[in-house]
$ cat my_file10.tsv   # TSV, C-alpha atoms
chain	number	residue	atom	x	y	z
K	1	MET	CA	150.68	79.33	-6.15
K	2	ARG	CA	149.16	75.96	-7.04
K	3	LEU	CA	147.50	76.25	-10.42
K	4	PRO	CA	145.42	73.44	-11.88
K	5	PRO	CA	146.49	71.93	-15.22
K	6	PHE	CA	145.52	74.39	-17.94
K	7	GLN	CA	143.48	71.74	-19.76
K	8	SER	CA	140.99	71.76	-16.89
K	9	LEU	CA	140.20	75.43	-17.64
K	10	LEU	CA	139.62	74.57	-21.26
K	11	ASP	CA	137.36	71.65	-20.29
K	12	ALA	CA	135.34	73.70	-17.81
K	13	HIS	CA	135.01	77.00	-19.70
K	14	GLY	CA	136.01	76.45	-23.34
K	15	ALA	CA	132.48	76.05	-24.66
K	16	ASP	CA	131.14	79.06	-22.71
K	17	VAL	CA	134.00	81.28	-23.87
K	18	HIS	CA	133.34	80.19	-27.44
K	19	ARG	CA	129.62	80.96	-27.15
K	20	PHE	CA	130.36	84.32	-25.58
K	21	LEU	CA	132.66	85.16	-28.49
K	22	ILE	CA	130.10	84.03	-31.07
K	23	ALA	CA	127.55	86.32	-29.45
K	24	SER	CA	130.07	89.16	-29.29
K	25	VAL	CA	131.77	89.12	-32.68
K	26	GLY	CA	129.84	86.63	-34.81
K	27	PRO	CA	130.72	83.05	-35.73
K	28	VAL	CA	133.44	83.84	-38.28
K	29	ASP	CA	135.65	86.02	-36.10
K	30	ALA	CA	134.81	84.03	-32.97
K	31	ASP	CA	137.19	81.24	-33.96
K	32	ASP	CA	140.17	83.59	-34.24
K	33	CYS	CA	139.24	85.39	-31.02
K	34	TYR	CA	138.89	82.03	-29.32
K	35	GLN	CA	142.39	80.94	-30.23
K	36	GLU	CA	143.85	84.33	-29.31
K	37	THR	CA	142.03	84.26	-25.98
K	38	TRP	CA	143.40	80.86	-25.02
K	39	LEU	CA	146.92	81.61	-26.22
K	40	ALA	CA	146.94	84.84	-24.20
K	41	ALA	CA	145.63	82.93	-21.18
K	42	LEU	CA	148.26	80.22	-21.62
K	43	ARG	CA	150.98	82.85	-21.89
K	44	ALA	CA	149.95	84.62	-18.68
K	45	TYR	CA	148.90	81.54	-16.73
K	46	PRO	CA	152.08	80.64	-14.80
K	47	ARG	CA	152.34	84.21	-13.48
K	48	LEU	CA	148.74	84.31	-12.28
K	49	ARG	CA	148.60	85.39	-8.63
K	50	ASP	CA	145.04	84.54	-7.80
K	51	ALA	CA	143.42	81.31	-8.97
K	52	SER	CA	140.16	81.85	-7.08
K	53	ASN	CA	138.26	83.13	-10.11
K	54	LEU	CA	139.72	81.54	-13.23
K	55	ARG	CA	136.44	81.82	-15.09
K	56	GLY	CA	136.28	85.58	-14.56
K	57	TRP	CA	139.93	85.87	-15.57
K	58	LEU	CA	139.26	83.98	-18.82
K	59	PHE	CA	136.24	86.10	-19.70
K	60	THR	CA	138.26	89.23	-19.00
K	61	ILE	CA	140.82	88.08	-21.57
K	62	ALA	CA	138.08	87.11	-24.04
K	63	HIS	CA	136.46	90.52	-23.58
K	64	ARG	CA	139.80	92.20	-24.27
K	65	LYS	CA	140.12	90.23	-27.53
K	66	VAL	CA	136.64	91.39	-28.50
K	67	ILE	CA	137.63	95.02	-27.87
K	68	ASP	CA	140.80	94.55	-29.95
K	69	LEU	CA	138.74	93.16	-32.82
K	70	VAL	CA	136.21	95.99	-32.61
K	71	ARG	CA	139.09	98.47	-32.94
K	72	VAL	CA	140.52	96.64	-35.94
K	73	ARG	CA	137.11	96.61	-37.59
K	74	ALA	CA	136.66	100.33	-36.95
K	75	ARG	CA	139.94	101.02	-38.76
K	76	ALA	CA	139.19	98.71	-41.66
K	77	PRO	CA	137.87	100.42	-44.79
K	78	THR	CA	134.15	99.85	-45.28
K	79	PRO	CA	133.04	98.63	-48.71
K	80	VAL	CA	130.82	101.23	-50.40
K	81	GLN	CA	127.88	98.91	-50.99
K	82	GLN	CA	127.72	97.76	-47.40
K	83	PRO	CA	124.63	99.09	-45.65
K	84	PRO	CA	125.49	101.48	-42.82
K	85	GLU	CA	123.33	99.57	-40.32
K	86	PRO	CA	123.91	97.74	-38.07
K	87	THR	CA	126.93	99.61	-36.86
K	88	GLY	CA	127.66	97.22	-33.98
K	89	ALA	CA	130.81	95.21	-33.87
K	90	ALA	CA	129.08	91.99	-34.75
K	91	ALA	CA	127.03	92.60	-37.82
K	92	ALA	CA	127.08	88.92	-38.66
K	93	ALA	CA	124.15	86.84	-37.57
K	94	VAL	CA	125.09	84.54	-34.75
K	95	GLY	CA	122.36	81.96	-34.96
K	96	ASP	CA	121.55	79.57	-37.75
K	97	GLY	CA	119.16	81.87	-39.53
K	98	ASP	CA	116.04	80.97	-37.54
K	99	ALA	CA	114.13	83.29	-35.24
K	100	ASP	CA	116.63	82.56	-32.48
K	101	GLY	CA	119.51	83.68	-34.60
K	102	GLU	CA	117.58	86.83	-35.44
K	103	LEU	CA	117.30	87.82	-31.78
K	104	TRP	CA	121.05	87.56	-31.26
K	105	ALA	CA	121.67	89.35	-34.54
K	106	GLN	CA	119.73	92.23	-32.96
K	107	VAL	CA	121.95	91.96	-29.90
K	108	ALA	CA	124.97	92.07	-32.19
K	109	ALA	CA	123.82	95.46	-33.46
K	110	LEU	CA	123.67	96.97	-29.96
K	111	PRO	CA	126.39	99.35	-28.69
K	112	ASP	CA	129.52	97.47	-27.57
K	113	LYS	CA	128.97	97.71	-23.82
K	114	GLN	CA	125.34	96.66	-23.96
K	115	ARG	CA	126.11	93.76	-26.26
K	116	THR	CA	128.97	92.56	-24.07
K	117	ALA	CA	126.90	92.86	-20.92
K	118	LEU	CA	124.03	90.90	-22.47
K	119	ALA	CA	126.38	88.21	-23.78
K	120	LEU	CA	128.00	87.82	-20.37
K	121	ARG	CA	124.64	87.76	-18.65
K	122	PHE	CA	122.63	85.50	-20.93
K	123	VAL	CA	125.27	83.41	-22.72
K	124	ALA	CA	127.92	83.00	-20.04
K	125	ASP	CA	125.41	83.22	-17.17
K	126	CYS	CA	127.54	85.71	-15.24
K	127	ALA	CA	126.41	87.43	-12.05
K	128	TYR	CA	126.43	91.25	-12.16
K	129	ALA	CA	129.55	91.35	-9.99
K	130	GLU	CA	131.29	89.11	-12.53
K	131	ILE	CA	130.16	91.26	-15.45
K	132	ALA	CA	131.47	94.31	-13.60
K	133	ALA	CA	134.85	92.66	-13.01
K	134	VAL	CA	135.21	91.45	-16.60
K	135	MET	CA	134.25	94.82	-18.11
K	136	ALA	CA	136.16	96.80	-15.46
K	137	ILE	CA	133.08	98.84	-14.57
K	138	SER	CA	131.00	99.16	-11.41
K	139	GLU	CA	128.30	96.66	-10.58
K	140	ALA	CA	125.72	99.43	-10.98
K	141	ALA	CA	127.06	100.18	-14.44
K	142	ALA	CA	126.90	96.47	-15.28
K	143	ARG	CA	123.21	96.39	-14.30
K	144	ARG	CA	122.59	99.56	-16.29
K	145	ASN	CA	124.23	98.13	-19.41
K	146	VAL	CA	122.14	94.97	-19.22
K	147	HIS	CA	118.98	96.99	-18.54
K	148	GLU	CA	119.62	99.46	-21.36
K	149	GLY	CA	120.44	96.63	-23.72
K	150	LEU	CA	117.18	94.87	-22.90
K	151	THR	CA	115.18	98.10	-23.23
K	152	ARG	CA	116.69	98.87	-26.61
K	153	LEU	CA	116.15	95.31	-27.78
K	154	ARG	CA	112.52	95.45	-26.71
K	155	LYS	CA	112.06	98.70	-28.63
K	156	ASP	CA	113.70	97.23	-31.75
K	157	ARG	CA	111.46	94.18	-31.58
K	158	SER	CA	108.22	96.10	-31.18
K	159	ALA	CA	109.17	98.46	-34.00
A	1	MET	CA	104.40	93.44	-25.66
A	2	THR	CA	107.31	91.39	-24.39
A	3	THR	CA	107.74	91.30	-20.66
A	4	SER	CA	111.20	91.61	-19.20
A	5	ASP	CA	111.26	88.03	-18.01
A	6	SER	CA	110.25	86.47	-21.30
A	7	LEU	CA	112.80	88.48	-23.27
A	8	GLU	CA	115.49	87.28	-20.89
A	9	ALA	CA	114.27	83.73	-21.27
A	10	LEU	CA	114.29	84.17	-25.06
A	11	LEU	CA	117.86	85.42	-24.94
A	12	ARG	CA	119.00	82.49	-22.84
A	13	GLY	CA	117.13	79.98	-24.97
A	14	ALA	CA	118.44	81.42	-28.21
A	15	ALA	CA	122.01	81.93	-27.05
A	16	PRO	CA	124.61	80.65	-29.50
A	17	ARG	CA	124.99	76.94	-29.03
A	18	SER	CA	128.25	75.45	-28.07
A	19	THR	CA	129.55	74.30	-31.39
A	20	ALA	CA	132.79	72.38	-31.47
A	21	PRO	CA	135.49	74.82	-30.40
A	22	PRO	CA	137.88	75.54	-33.25
A	23	PRO	CA	140.77	73.05	-33.49
A	24	GLY	CA	144.39	74.08	-33.75
A	25	LEU	CA	145.01	75.42	-30.26
A	26	VAL	CA	147.54	72.69	-29.45
A	27	GLU	CA	149.60	73.38	-32.57
A	28	ALA	CA	149.40	77.15	-32.09
A	29	ALA	CA	150.43	76.81	-28.44
A	30	ALA	CA	153.34	74.53	-29.33
A	31	ALA	CA	154.48	76.90	-32.09
A	32	ALA	CA	154.41	79.81	-29.62
A	33	GLN	CA	156.39	77.69	-27.15
A	34	LEU	CA	153.52	77.88	-24.70
A	35	LEU	CA	152.88	74.14	-24.43
A	36	ASP	CA	155.08	72.90	-21.60
A	37	ILE	CA	153.38	69.51	-21.18
A	38	ALA	CA	151.37	67.53	-23.71
A	39	TYR	CA	149.60	64.49	-22.38
A	40	GLY	CA	147.55	61.60	-23.60
A	41	GLU	CA	146.55	58.06	-22.78
A	42	LEU	CA	147.38	54.61	-24.03
A	43	ASP	CA	145.47	51.36	-23.58
A	44	SER	CA	147.97	48.62	-22.90
A	45	PRO	CA	148.01	44.97	-21.80
A	46	VAL	CA	148.92	46.22	-18.32
A	47	GLY	CA	146.07	48.72	-18.18
A	48	ARG	CA	145.49	52.32	-19.14
A	49	LEU	CA	148.61	54.47	-19.13
A	50	LEU	CA	149.03	58.23	-18.90
A	51	LEU	CA	151.84	59.65	-21.02
A	52	ALA	CA	153.15	63.19	-20.57
A	53	ALA	CA	155.90	64.89	-22.56
A	54	THR	CA	157.70	68.20	-22.46
A	55	PRO	CA	159.46	69.57	-25.55
A	56	ALA	CA	162.57	67.76	-24.19
A	57	GLY	CA	160.97	64.32	-24.11
A	58	LEU	CA	158.75	61.95	-22.18
A	59	VAL	CA	158.63	63.22	-18.59
A	60	ARG	CA	156.03	60.97	-16.99
A	61	LEU	CA	154.41	57.60	-17.57
A	62	ALA	CA	151.83	56.52	-15.02
A	63	TYR	CA	149.49	53.62	-14.51
A	64	LEU	CA	145.95	54.93	-14.46
A	65	ASP	CA	143.98	53.13	-11.84
A	66	ALA	CA	140.47	54.36	-11.14
A	67	GLY	CA	140.31	58.01	-10.30
A	68	ASP	CA	143.95	58.98	-9.92
A	69	GLU	CA	144.40	60.77	-13.24
A	70	GLU	CA	143.49	64.14	-11.78
A	71	ALA	CA	146.01	63.79	-8.95
A	72	ILE	CA	148.80	62.76	-11.34
A	73	LEU	CA	148.09	65.74	-13.61
A	74	ALA	CA	147.91	68.14	-10.65
A	75	ASP	CA	151.26	66.84	-9.42
A	76	LEU	CA	152.80	67.44	-12.86
A	77	ALA	CA	151.32	70.95	-12.95
A	78	ALA	CA	152.93	71.73	-9.60
A	79	ARG	CA	156.29	70.11	-10.29
A	80	VAL	CA	156.85	70.98	-13.95
A	81	SER	CA	154.41	73.58	-15.30
A	82	PRO	CA	150.66	74.18	-15.29
A	83	ARG	CA	150.81	74.91	-19.03
A	84	MET	CA	149.42	71.50	-19.89
A	85	LEU	CA	147.10	70.45	-22.68
A	86	ALA	CA	145.58	67.12	-23.62
A	87	ALA	CA	147.43	66.61	-26.89
A	88	PRO	CA	147.42	62.91	-27.72
A	89	ARG	CA	149.01	63.41	-31.14
A	90	LYS	CA	152.11	64.80	-29.47
A	91	LEU	CA	152.58	61.38	-27.85
A	92	ASP	CA	152.31	59.38	-31.06
A	93	GLY	CA	156.00	58.47	-31.08
A	94	ALA	CA	156.03	57.26	-27.49
A	95	ARG	CA	152.78	55.39	-28.02
A	96	ARG	CA	154.18	53.61	-31.06
A	97	GLU	CA	157.30	52.43	-29.21
A	98	LEU	CA	155.24	51.23	-26.26
A	99	ASP	CA	152.82	49.37	-28.54
A	100	GLU	CA	155.80	47.64	-30.15
A	101	TYR	CA	157.21	46.78	-26.73
A	102	PHE	CA	153.93	45.24	-25.55
A	103	ALA	CA	153.73	43.26	-28.79
A	104	GLY	CA	157.20	41.85	-28.07
A	105	ARG	CA	158.67	43.63	-31.09
A	106	ARG	CA	160.79	46.21	-29.25
A	107	ARG	CA	163.60	45.45	-26.83
A	108	ARG	CA	164.96	48.96	-26.40
A	109	PHE	CA	163.26	52.36	-26.20
A	110	GLU	CA	164.66	55.13	-28.36
A	111	LEU	CA	162.31	57.96	-27.43
A	112	ALA	CA	163.78	61.06	-25.79
A	113	LEU	CA	163.39	61.26	-22.01
A	114	ASP	CA	163.08	64.36	-19.85
A	115	TRP	CA	164.78	63.58	-16.53
A	116	ARG	CA	163.66	66.68	-14.66
A	117	LEU	CA	161.53	64.77	-12.15
A	118	VAL	CA	164.51	62.66	-11.13
A	119	GLY	CA	167.02	63.73	-8.48
A	120	ALA	CA	170.78	63.18	-8.78
A	121	PHE	CA	171.00	59.91	-6.83
A	122	ALA	CA	167.82	58.51	-8.33
A	123	ARG	CA	169.17	59.35	-11.75
A	124	ARG	CA	172.24	57.19	-11.13
A	125	VAL	CA	170.02	54.35	-9.94
A	126	LEU	CA	167.62	54.66	-12.88
A	127	SER	CA	170.48	54.94	-15.37
A	128	ALA	CA	171.89	51.68	-13.99
A	129	THR	CA	168.41	50.21	-14.38
A	130	ILE	CA	168.19	51.19	-18.04
A	131	ALA	CA	171.40	49.23	-18.58
A	132	ILE	CA	169.76	45.94	-17.49
A	133	PRO	CA	169.15	44.11	-20.78
A	134	TYR	CA	165.68	43.25	-22.00
A	135	GLY	CA	164.51	39.91	-20.70
A	136	SER	CA	167.00	39.71	-17.83
A	137	VAL	CA	166.77	40.81	-14.21
A	138	SER	CA	169.01	42.36	-11.59
A	139	THR	CA	168.81	42.99	-7.84
A	140	TYR	CA	168.37	46.10	-5.71
A	141	LEU	CA	171.89	45.52	-4.35
A	142	GLU	CA	173.49	45.31	-7.81
A	143	VAL	CA	171.67	48.41	-8.99
A	144	ALA	CA	172.74	50.27	-5.85
A	145	GLY	CA	176.33	49.20	-6.50
A	146	ALA	CA	176.17	50.36	-10.11
A	147	ALA	CA	174.82	53.69	-8.83
A	148	GLY	CA	177.89	54.05	-6.60
A	149	SER	CA	176.12	53.22	-3.36
A	150	PRO	CA	177.00	49.55	-2.69
A	151	ARG	CA	175.21	49.33	0.65
A	152	GLY	CA	172.27	51.47	-0.35
A	153	SER	CA	169.83	48.85	-1.53
A	154	ARG	CA	167.04	50.51	0.45
A	155	ALA	CA	167.84	53.91	-1.06
A	156	ALA	CA	167.97	52.27	-4.47
A	157	GLY	CA	164.58	50.71	-3.76
A	158	ASN	CA	163.17	54.13	-2.94
A	159	ALA	CA	164.60	55.61	-6.13
A	160	LEU	CA	163.08	52.79	-8.16
A	161	GLY	CA	159.78	53.16	-6.34
A	162	SER	CA	159.56	56.81	-7.39
A	163	ASN	CA	160.53	56.11	-11.00
A	164	PRO	CA	158.47	58.65	-12.99
A	165	LEU	CA	158.91	56.62	-16.20
A	166	PRO	CA	158.11	52.98	-15.42
A	167	ILE	CA	158.26	50.46	-18.31
A	168	VAL	CA	160.50	52.82	-20.31
A	169	ILE	CA	162.99	52.86	-17.41
A	170	PRO	CA	162.62	49.16	-16.63
A	171	CYS	CA	162.47	49.11	-12.85
A	172	HIS	CA	160.39	45.94	-13.20
A	173	ARG	CA	163.67	44.14	-13.99
A	174	VAL	CA	164.97	44.73	-10.45
A	175	LEU	CA	164.19	41.94	-7.95
A	176	ARG	CA	165.19	41.05	-4.40
A	177	SER	CA	168.48	39.22	-3.99
A	178	GLY	CA	166.74	35.92	-3.21
A	179	GLY	CA	164.68	36.17	-6.37
A	180	ALA	CA	161.52	37.50	-4.70
A	181	LEU	CA	159.70	40.11	-6.77
A	182	GLY	CA	160.15	43.01	-4.34
A	183	GLY	CA	157.86	45.94	-4.96
A	184	TYR	CA	156.51	47.75	-8.00
A	185	THR	CA	154.96	51.15	-8.58
A	186	GLY	CA	152.05	49.64	-10.53
A	187	GLY	CA	151.54	46.60	-8.32
A	188	LEU	CA	153.18	43.18	-8.53
A	189	ASP	CA	150.72	41.82	-11.11
A	190	ARG	CA	152.04	44.36	-13.56
A	191	LYS	CA	155.65	43.57	-12.69
A	192	ARG	CA	154.95	39.89	-13.41
A	193	ALA	CA	153.16	40.78	-16.64
A	194	LEU	CA	156.05	42.89	-17.94
A	195	LEU	CA	158.59	40.19	-17.09
A	196	ALA	CA	156.36	37.67	-18.89
A	197	ILE	CA	156.24	39.85	-21.99
A	198	GLU	CA	160.02	40.00	-22.02
A	199	ARG	CA	160.19	36.19	-21.77
A	200	GLY	CA	157.99	36.02	-24.82
A	201	GLN	CA	154.96	34.88	-22.84
A	202	SER	CA	151.50	36.31	-22.99
A	203	PRO	CA	151.12	39.06	-20.38
A	204	LEU	CA	148.17	37.56	-18.52
A	205	MET	CA	147.27	39.66	-15.53
$ encode --input "my_file10.tsv" --output "structure tokens"
Amino acid sequence: MRLPPFQSLLDAHGADVHRFLIASVGPVDADDCYQETWLAALRAYPRLRDASNLRGWLFTIAHRKVIDLVRVRARAPTPVQQPPEPTGAAAAAVGDGDADGELWAQVAALPDKQRTALALRFVADCAYAEIAAVMAISEAAARRNVHEGLTRLRKDRSA
Amino acid sequence: MTTSDSLEALLRGAAPRSTAPPPGLVEAAAAAQLLDIAYGELDSPVGRLLLAATPAGLVRLAYLDAGDEEAILADLAARVSPRMLAAPRKLDGARRELDEYFAGRRRRFELALDWRLVGAFARRVLSATIAIPYGSVSTYLEVAGAAGSPRGSRAAGNALGSNPLPIVIPCHRVLRSGGALGGYTGGLDRKRALLAIERGQSPLM
């Protein structure tokens, strides 16, 4: 198996993985997830059997780190004063406080699968087949998650 | 009422921007023993150089002529490990010794070398080459003899030609028996320039 130098993965996909993580878990936790994603990738890299879709492989690892973080957050005690909504994994605003940031803050409050699907689709520019592979779901389910996410977002925004 | 298309366009347009990725990956990877090769570059009087080190020491030094960096890195990935990161700080020690050498202030390299890209015979040849003192020259035949292969000047030439650590392993100090320059991995202009540096002359190329 001829694998390219690992740095070339970082150069080609580092920024997109970082943006995906910001959209998924917010800017604060994104940095930790980013490092964990790349360390996990580096650890597994020499044993990789198929180098035909390195980007998909990296997003799969990043997605796994997001799931791990969501679990940790679910176990963490919630401060009493904290408002119960949004309940999504990424309550933190992801933008810089402008209208743009507000839109992605609404995405952050979506259910995990919808949020992940939207982040993969509109941040990482993934095709549905890629989203399906990363999330380990069918392509139809990937489309449904994106569609449901958009529908819910539209409802939230017109409310 | 937002149409489907415009919401999608809004999402794309408002997607988190690519801020600078968090630093610290190189150090974290090294601490977890996941960084097999750190590499960086050096501007020198004989052109841009690529330096690559494993935890054991400098494993590769290469002249960077237009466009061959990718091929050199791919070769290292295949022959040593694909766990490679651009980590210039990890080469600070090597860079310092090379800078001193080019300035005429260092006659002997002390940095650790990783010999893994060198076969057994080539290692004997290159070890004999390291023993040639700064500022002097030897011949392919003498180096072959020192490597235990007195008639193998051609084999010695091949071993020198595939030296993965030129400059540091001074194959530029090996000439033809008649005094002709012979060959050099970075081209004869560079061989002349390195010999000039060691004579205390300016390394005009």
$ interface_residues --input "my_file10.tsv" --of "chain K" --to "chain A" --cutoff "9 Å" --atoms "all atoms listed in the file" --output "VMD selection string"
chain K and resid 1 to 8 10 14 to 16 18 to 20 22 to 23 31 to 32 34 to 35 38 to 39 42 to 43 45 to 46 94 to 96 99 to 101 103 to 104 118 to 119 121 to 123 125 150 to 151 153 to 154 157 to 158
$ closest_residue --input "my_file10.tsv" --among "K:Ala127, K:Leu9, K:Val70, K:Ser24" --to "K:Ala41" --atoms "all atoms listed in the file"
K:Leu9
$ residues_around --input "my_file10.tsv" --residues "K:Ile61" --least-positions-apart "5" --cutoff "9 Å" --atoms "all atoms listed in the file" --output "VMD selection string"
chain K and resid 37 to 38 40 to 41 56 66 134
$ write_last_selection --input "my_file10.tsv" --atoms "C-alpha atoms" --output "PDB file, in the frame of the given file"
ATOM      1  CA  THR K  37     142.030  84.260 -25.980  1.00  0.00           C
ATOM      2  CA  TRP K  38     143.400  80.860 -25.020  1.00  0.00           C
ATOM      3  CA  ALA K  40     146.940  84.840 -24.200  1.00  0.00           C
ATOM      4  CA  ALA K  41     145.630  82.930 -21.180  1.00  0.00           C
ATOM      5  CA  GLY K  56     136.280  85.580 -14.560  1.00  0.00           C
ATOM      6  CA  VAL K  66     136.640  91.390 -28.500  1.00  0.00           C
ATOM      7  CA  VAL K 134     135.210  91.450 -16.600  1.00  0.00           C
TER       8      VAL K 134
END
$ atom_distance --input "my_file10.tsv" --atom1 "atom CA of A:Ser153" --atom2 "atom CA of A:Arg190"
21.9 Å
$ residues_near_point --input "my_file10.tsv" --point "(164.2, 55.4, -14.0)" --cutoff "10 Å" --atoms "only C-alpha atoms" --output "PDB file with C-alpha atoms, in the frame of the given file"
ATOM      1  CA  LEU A 113     163.390  61.260 -22.010  1.00  0.00           C
ATOM      2  CA  TRP A 115     164.780  63.580 -16.530  1.00  0.00           C
ATOM      3  CA  LEU A 117     161.530  64.770 -12.150  1.00  0.00           C
ATOM      4  CA  VAL A 118     164.510  62.660 -11.130  1.00  0.00           C
ATOM      5  CA  ALA A 122     167.820  58.510  -8.330  1.00  0.00           C
ATOM      6  CA  ARG A 123     169.170  59.350 -11.750  1.00  0.00           C
ATOM      7  CA  ARG A 124     172.240  57.190 -11.130  1.00  0.00           C
ATOM      8  CA  VAL A 125     170.020  54.350  -9.940  1.00  0.00           C
ATOM      9  CA  LEU A 126     167.620  54.660 -12.880  1.00  0.00           C
ATOM     10  CA  SER A 127     170.480  54.940 -15.370  1.00  0.00           C
ATOM     11  CA  ALA A 128     171.890  51.680 -13.990  1.00  0.00           C
ATOM     12  CA  THR A 129     168.410  50.210 -14.380  1.00  0.00           C
ATOM     13  CA  ILE A 130     168.190  51.190 -18.040  1.00  0.00           C
ATOM     14  CA  ALA A 159     164.600  55.610  -6.130  1.00  0.00           C
ATOM     15  CA  LEU A 160     163.080  52.790  -8.160  1.00  0.00           C
ATOM     16  CA  GLY A 161     159.780  53.160  -6.340  1.00  0.00           C
ATOM     17  CA  SER A 162     159.560  56.810  -7.390  1.00  0.00           C
ATOM     18  CA  ASN A 163     160.530  56.110 -11.000  1.00  0.00           C
ATOM     19  CA  PRO A 164     158.470  58.650 -12.990  1.00  0.00           C
ATOM     20  CA  LEU A 165     158.910  56.620 -16.200  1.00  0.00           C
ATOM     21  CA  PRO A 166     158.110  52.980 -15.420  1.00  0.00           C
ATOM     22  CA  ILE A 167     158.260  50.460 -18.310  1.00  0.00           C
ATOM     23  CA  VAL A 168     160.500  52.820 -20.310  1.00  0.00           C
ATOM     24  CA  ILE A 169     162.990  52.860 -17.410  1.00  0.00           C
ATOM     25  CA  PRO A 170     162.620  49.160 -16.630  1.00  0.00           C
ATOM     26  CA  CYS A 171     162.470  49.110 -12.850  1.00  0.00           C
TER      27      CYS A 171
END
$ closest_residue --input "my_file10.tsv" --among "K:Ala51, K:Lys113, K:Glu130, K:His63" --to "K:Arg144" --atoms "all atoms listed in the file"
K:Lys113
$ residues_around --input "my_file10.tsv" --residues "A:Leu50" --least-positions-apart "6" --cutoff "9 Å" --atoms "all atoms listed in the file" --output "ChimeraX atom specification"
/A:39-42,60-64,69,72
$ atom_distance --input "my_file10.tsv" --atom1 "atom CA of K:Arg152" --atom2 "atom CA of K:Asp68"
24.7 Å
$ atom_distance --input "my_file10.tsv" --atom1 "atom CA of A:Leu98" --atom2 "atom CA of A:Val46"
11.3 Å
$ closest_residue --input "my_file10.tsv" --among "K:Val146, K:Ile131, K:Val17, K:Ala124" --to "K:Leu58" --atoms "all atoms listed in the file"
K:Val17
$ decode --input "my_file10.tsv" --residues "stretch 27-42 of chain A" --atoms "N, CA and C atoms" --output "mmCIF file, in the first residue's frame"
data_model
loop_
_atom_site.group_PDB
_atom_site.id
_atom_site.type_symbol
_atom_site.label_atom_id
_atom_site.label_comp_id
_atom_site.auth_asym_id
_atom_site.auth_seq_id
_atom_site.Cartn_x
_atom_site.Cartn_y
_atom_site.Cartn_z
ATOM 1 N N GLU A 27 3.667 18.640 18.268
ATOM 2 C CA GLU A 27 4.166 18.254 19.591
ATOM 3 C C GLU A 27 3.365 17.088 20.160
ATOM 4 N N ALA A 28 2.035 17.147 19.964
ATOM 5 C CA ALA A 28 1.191 16.063 20.486
ATOM 6 C C ALA A 28 1.525 14.751 19.776
ATOM 7 N N ALA A 29 1.746 14.815 18.468
ATOM 8 C CA ALA A 29 2.071 13.610 17.707
ATOM 9 C C ALA A 29 3.422 13.044 18.139
ATOM 10 N N ALA A 30 4.388 13.933 18.351
ATOM 11 C CA ALA A 30 5.711 13.482 18.778
ATOM 12 C C ALA A 30 5.625 12.849 20.169
ATOM 13 N N ALA A 31 4.854 13.479 21.071
ATOM 14 C CA ALA A 31 4.730 12.955 22.430
ATOM 15 C C ALA A 31 4.066 11.581 22.423
ATOM 16 N N ALA A 32 3.138 11.364 21.479
ATOM 17 C CA ALA A 32 2.450 10.071 21.390
ATOM 18 C C ALA A 32 3.240 9.077 20.535
ATOM 19 N N GLN A 33 4.453 9.467 20.162
ATOM 20 C CA GLN A 33 5.313 8.629 19.323
ATOM 21 C C GLN A 33 4.649 8.269 17.998
ATOM 22 N N LEU A 34 3.925 9.249 17.463
ATOM 23 C CA LEU A 34 3.244 9.029 16.188
ATOM 24 C C LEU A 34 3.887 9.822 15.055
ATOM 25 N N LEU A 35 4.959 10.538 15.379
ATOM 26 C CA LEU A 35 5.628 11.335 14.340
ATOM 27 C C LEU A 35 6.897 10.597 13.925
ATOM 28 N N ASP A 36 6.820 9.879 12.810
ATOM 29 C CA ASP A 36 7.970 9.079 12.377
ATOM 30 C C ASP A 36 8.981 9.924 11.608
ATOM 31 N N ILE A 37 8.497 10.913 10.861
ATOM 32 C CA ILE A 37 9.401 11.789 10.113
ATOM 33 C C ILE A 37 8.932 13.235 10.237
ATOM 34 N N ALA A 38 9.834 14.077 10.706
ATOM 35 C CA ALA A 38 9.606 15.525 10.707
ATOM 36 C C ALA A 38 10.459 16.112 9.602
ATOM 37 N N TYR A 39 9.879 17.023 8.819
ATOM 38 C CA TYR A 39 10.703 17.596 7.767
ATOM 39 C C TYR A 39 10.559 19.108 7.685
ATOM 40 N N GLY A 40 11.543 19.710 7.072
ATOM 41 C CA GLY A 40 11.550 21.154 6.921
ATOM 42 C C GLY A 40 12.551 21.531 5.850
ATOM 43 N N GLU A 41 12.648 22.828 5.594
ATOM 44 C CA GLU A 41 13.543 23.278 4.534
ATOM 45 C C GLU A 41 14.598 24.219 5.093
ATOM 46 N N LEU A 42 15.631 24.400 4.296
ATOM 47 C CA LEU A 42 16.710 25.311 4.653
ATOM 48 C C LEU A 42 17.195 26.002 3.385
#
